[in-house]
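Enquirer: What follows is a single structure, and I will ask about it in a moment.
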Amino acid sequence: MRSQEFGPSLEAQWVRVRARLKGEFGEAAYKSWLKPLTLVSVEDGTVRIAVPTRFMQDWVRQHYSDRIKTLWRAENKLVRTVEIVVQAAAGVPAPQPASHGGTPMRPMATATGLRAAVSATAPAISRGGEENEDFGAPLDPRFTFQTFVQGKSNEFALAAARRVAEEAKVPFNPLFLYGGVGLGKTHLMHAIAWHIRKRHPQRRVVYLSAEKFMYQFIRAMRFKDTMSFKEQFRSVDVLLVDDVQFISGKDATQEEFFHTFNALVDQNKQIVLSADKSPADLEGLEDRVRSRLGWGLVADIHPTTYELRLGILQSKAEKLGVAMPPKVLEFLAHKIVANVRELEGALNRIVAHSTLVGRPISLEGAQEVLHDLLRASDRRVTIEEIQKKVAEHFAIRLADMHSPRRARQVARPRQVAMYLAKQLTSRSLPEIGRKFGGRDHTTVMHAVRKIDELRAADAAFSEDVELLRRMLEA
Ligand code: ADP
Ligand code: MG
């Protein structure tokens, strides 16, 4: 299979793969990591896709390549593998290897001819990612102080956020918010940003995820334009960076983040950071960065209490304008304890269901609709039990559930275990990922999809998984 044999449909296939990726991973991740991908060649069942830097290569391989492969294969059965290679785009200098740990551009022996073949059939394939987009991320209009419900578990973080939003002087720098998934960190950061923008439209408020910060920086390096990157950030009045745990370990970006951070603090500009752990517990950070992050005010958000969950449900139901029997709200507040996001999801499901079937909301109806969710939280199968059972069943070592090995004979059972963990426990994707040797939530997401696909295609395999599920539930 050579590029030419794909004919004009090659372009269309790639466009469709990209569209699916965008739909699945969302606008932000797509822009940061997937849009810059370029199709280089398709040969002997191998699709070669280029990224501009070594760092991006690692990231895309780790987080997206499985999915890219599956999507390609859905488009074209002849595709067997997908290779992510580093290649600077035409006319753009490759990043300097010494200064940021990237590899020099290594042209592939066969690339030129194939690229010519590809571009002859597919002139419209674009590299993307070059346009000058605003470097902040948009704010969610729902995330304001008005819609944030106060409770014991978040009152300290809320008070700190309000101070930062309302005070003319910088009260503490940085404000560091931390807590588990779905407990309101992003909500509070957006609330601060909204508040300041409204009160002081002249102040430059920038909110973005740490992932996006990294991407901006990498892109600047690629274009040898780190000066304007620096200028961009250093001219803001309030900088809010969400999920900074993503920055840990990436040396050059960590360094740059730290410089930006210091420059802003020196100019007395407000910084707000969030993470899933306290500065002291963040892994992969240099000590001086870690300690510096803890200099301001560190505020944690604890897991929700029953009262807070009930308060949030009442406020959301009111906003939705639906009559919820108090019994149903109490029931939900009792049963769905993992985080606020799941709580909202449950409420939305119940409302959607009652609208669809045209029946008023009742406790019985709610129990029925949330059947799967509730069963999962009732049974309390642990992820450890799942790993043990699945390892036994497939005769692999328990350690391979955590190991980085990617060989099919251990990777597949691991995916089955992740899939079952998602089905049988109320753990979030990141929590599950962490229990499998610190894998990313997207890896878990892939596993769940993969197993779903395999189950649909292979009845024997499906039965196998079902059997495991029943054993675990017993
Ligand atoms: P995190 O960033 O900590 O993972 P988010 O801020 O994205 O969590 O919150 C998840 C969802 O829960 C959002 O829809 C948010 O509005 C909602 N939420 C969390 N805490 C509260 C709260 N105290 N009051 C109202 N909504 C909340
Ligand atoms: Mg968040």
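By convention in this document, the chains of the structure tokens carry letters A, B, ... by their order, each chain's residues are numbered from 1, and ligands are numbered from 1 in the order they are shown.
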Give me the residues near Thr46 (chain A) as an MDAnalysis selection string, where near means some atom within 10 Å (using only C-alpha atoms) and where sequence neighbours in that chain fewer than 5 positions away do not count.

Expert: chainID A and resid 1:2 41 69 78:83

Enquirer: When the cut-off is 8 Å and you count only C-alpha atoms and all ligand atoms, which residues lie near ligand 2, shown as a list in words?

Expert: Val181, Gly182, Gly184, Lys185, Thr186, His187, Asp242, Asp243 and Ser274 of chain A

Enquirer: Which protein, DNA or RNA residues have an atom within 7 Å of ligand 1, counting only C-alpha atoms and all ligand atoms, as a list in words?

Expert: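 Going residue by residue within 7 Å of ligand 1, we get Arg142, Phe143, Thr147, Phe148, Val149, Gln150, Gly151, Asn154, Gly179, Gly180, Val181, Gly182, Leu183, Gly184, Lys185, Thr186, His187, Leu188, Ile312, Val340, Arg341 and Glu344 of chain A.
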
Enquirer: I'd like to know which of A:Arg197, A:Gly365, A:Arg408, A:Glu466 is closest to Val328 (chain A), using only C-alpha atoms.

Expert: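 The shortest atom-to-atom distance to Val328 (chain A) comes from A:Gly365.
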
Enquirer: Going by DSSP on the backbone, which residues of region 104-315 of chain A come out as strand (DSSP E or B)? List them as a count of residues only.

Expert: 26

Enquirer: Write out as a list in words each polymer residue whose atoms come within 7 Å of Pro413 (chain A), counting only C-alpha atoms; drop sequence neighbours fewer than 2 positions from it.

Expert: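 Result of the neighbour search: Val390, Ala391, Phe394, Val410, Ala411, Gln415, Val416 and Ala417 of chain A.
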
Enquirer: Name the residues in contact with Pro326 (chain A) at a cut-off of 10 Å, using only C-alpha atoms, excluding same-chain residues fewer than 6 positions from it; report them as a VMD selection string.

Expert: chain A and resid 310 313 to 314 332 362 to 363

Enquirer: Residues as selected, all heavy atoms, written as a JSON list (two decimals), in the first residue's frame, can you do that?

Expert:
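out_16.json, freshly written:
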[["chain", "number", "residue", "atom", "x", "y", "z"],
["A", 310, "LEU", "N", -26.33, 18.68, 49.06],
["A", 310, "LEU", "CA", -27.76, 18.99, 49.01],
["A", 310, "LEU", "C", -27.94, 20.44, 48.55],
["A", 310, "LEU", "O", -28.79, 20.73, 47.70],
["A", 310, "LEU", "CB", -28.38, 18.78, 50.40],
["A", 310, "LEU", "CG", -29.90, 18.80, 50.46],
["A", 310, "LEU", "CD1", -30.46, 17.70, 49.57],
["A", 310, "LEU", "CD2", -30.39, 18.60, 51.90],
["A", 313, "LEU", "N", -27.35, 20.74, 44.85],
["A", 313, "LEU", "CA", -28.47, 20.15, 44.09],
["A", 313, "LEU", "C", -29.66, 21.10, 44.08],
["A", 313, "LEU", "O", -30.30, 21.31, 43.04],
["A", 313, "LEU", "CB", -28.86, 18.81, 44.70],
["A", 313, "LEU", "CG", -27.90, 17.66, 44.43],
["A", 313, "LEU", "CD1", -28.23, 16.47, 45.33],
["A", 313, "LEU", "CD2", -27.96, 17.25, 42.96],
["A", 314, "GLN", "N", -29.96, 21.69, 45.23],
["A", 314, "GLN", "CA", -31.10, 22.60, 45.30],
["A", 314, "GLN", "C", -30.88, 23.79, 44.36],
["A", 314, "GLN", "O", -31.77, 24.19, 43.62],
["A", 314, "GLN", "CB", -31.31, 23.09, 46.74],
["A", 314, "GLN", "CG", -31.98, 22.02, 47.59],
["A", 314, "GLN", "CD", -31.81, 22.29, 49.08],
["A", 314, "GLN", "OE1", -30.99, 23.11, 49.50],
["A", 314, "GLN", "NE2", -32.58, 21.58, 49.89],
["A", 332, "LEU", "N", -30.02, 11.68, 46.26],
["A", 332, "LEU", "CA", -28.81, 11.91, 45.46],
["A", 332, "LEU", "C", -27.65, 12.38, 46.33],
["A", 332, "LEU", "O", -26.51, 11.91, 46.18],
["A", 332, "LEU", "CB", -29.08, 12.97, 44.39],
["A", 332, "LEU", "CG", -29.99, 12.58, 43.23],
["A", 332, "LEU", "CD1", -30.14, 13.74, 42.26],
["A", 332, "LEU", "CD2", -29.44, 11.37, 42.51],
["A", 362, "SER", "N", -39.65, 11.27, 40.18],
["A", 362, "SER", "CA", -39.97, 10.58, 41.44],
["A", 362, "SER", "C", -38.74, 9.83, 41.92],
["A", 362, "SER", "O", -37.78, 9.64, 41.17],
["A", 362, "SER", "CB", -41.09, 9.56, 41.19],
["A", 362, "SER", "OG", -40.58, 8.54, 40.35],
["A", 363, "LEU", "N", -38.81, 9.40, 43.16],
["A", 363, "LEU", "CA", -37.67, 8.67, 43.72],
["A", 363, "LEU", "C", -37.43, 7.36, 42.97],
["A", 363, "LEU", "O", -36.30, 7.02, 42.63],
["A", 363, "LEU", "CB", -37.93, 8.39, 45.21],
["A", 363, "LEU", "CG", -36.76, 7.76, 45.98],
["A", 363, "LEU", "CD1", -35.51, 8.60, 45.86],
["A", 363, "LEU", "CD2", -37.13, 7.58, 47.45]]

Enquirer: May I have the residues within 9 Å of Phe213 (chain A) as a list of chain:residue names, using only C-alpha atoms and disregarding those fewer than 3 positions away in the same chain?

Expert: A:Phe135, A:Gly136, A:Leu208, A:Ser209, A:Ala210, A:Gln216, A:Phe217, A:Ile218, A:Val241, A:Ile247, A:Thr253, A:Phe257

Enquirer: Can you tell me how far CA of Ala220 (chain A) sits from CA of Ile49 (chain A), in Å to one decimal?

Expert: 21.2 Å

Enquirer: Among region 121-257 of chain A, which ones does DSSP assign to alpha helix (DSSP H) (computed from the backbone)? Answer as an NGL selection string.

Expert: :A and (121 or 155-166 or 185-199 or 210-222 or 226-234 or 251-257)

Enquirer: Near Gly438 (chain A), within 12 Å and counting only C-alpha atoms, which residues show up once chain neighbours fewer than 4 positions away are dropped, as JSON, numbers by chain?

Expert: {"A": [283, 401, 402, 403, 404, 429, 430, 431, 432, 433, 434, 442, 443, 444]}

Enquirer: Residues of the last selection are to be written out with C-alpha atoms, as a short mmCIF file (atom, residue, chain, number, x, y, z; two decimals), in the first residue's frame.

Expert:
data_model
loop_
_atom_site.label_atom_id
_atom_site.label_comp_id
_atom_site.auth_asym_id
_atom_site.auth_seq_id
_atom_site.Cartn_x
_atom_site.Cartn_y
_atom_site.Cartn_z
CA GLU A 283 5.81 15.65 42.11
CA MET A 401 -1.13 -3.61 36.03
CA HIS A 402 1.18 -0.77 37.06
CA SER A 403 4.10 -1.33 34.77
CA PRO A 404 4.84 0.76 31.70
CA LEU A 429 -10.79 8.63 35.09
CA PRO A 430 -7.75 10.41 36.61
CA GLU A 431 -8.14 8.44 39.83
CA ILE A 432 -8.25 5.21 37.90
CA GLY A 433 -5.24 6.26 35.85
CA ARG A 434 -3.25 6.92 38.99
CA THR A 442 -6.91 9.87 28.47
CA THR A 443 -5.25 6.47 28.61
CA VAL A 444 -8.12 5.20 30.72
#

Enquirer: I'd like to know which of A:Leu343, A:Ala168, A:Leu71, A:Ala137 is closest to Lys450 (chain A), using only C-alpha atoms.

Expert: A:Leu71
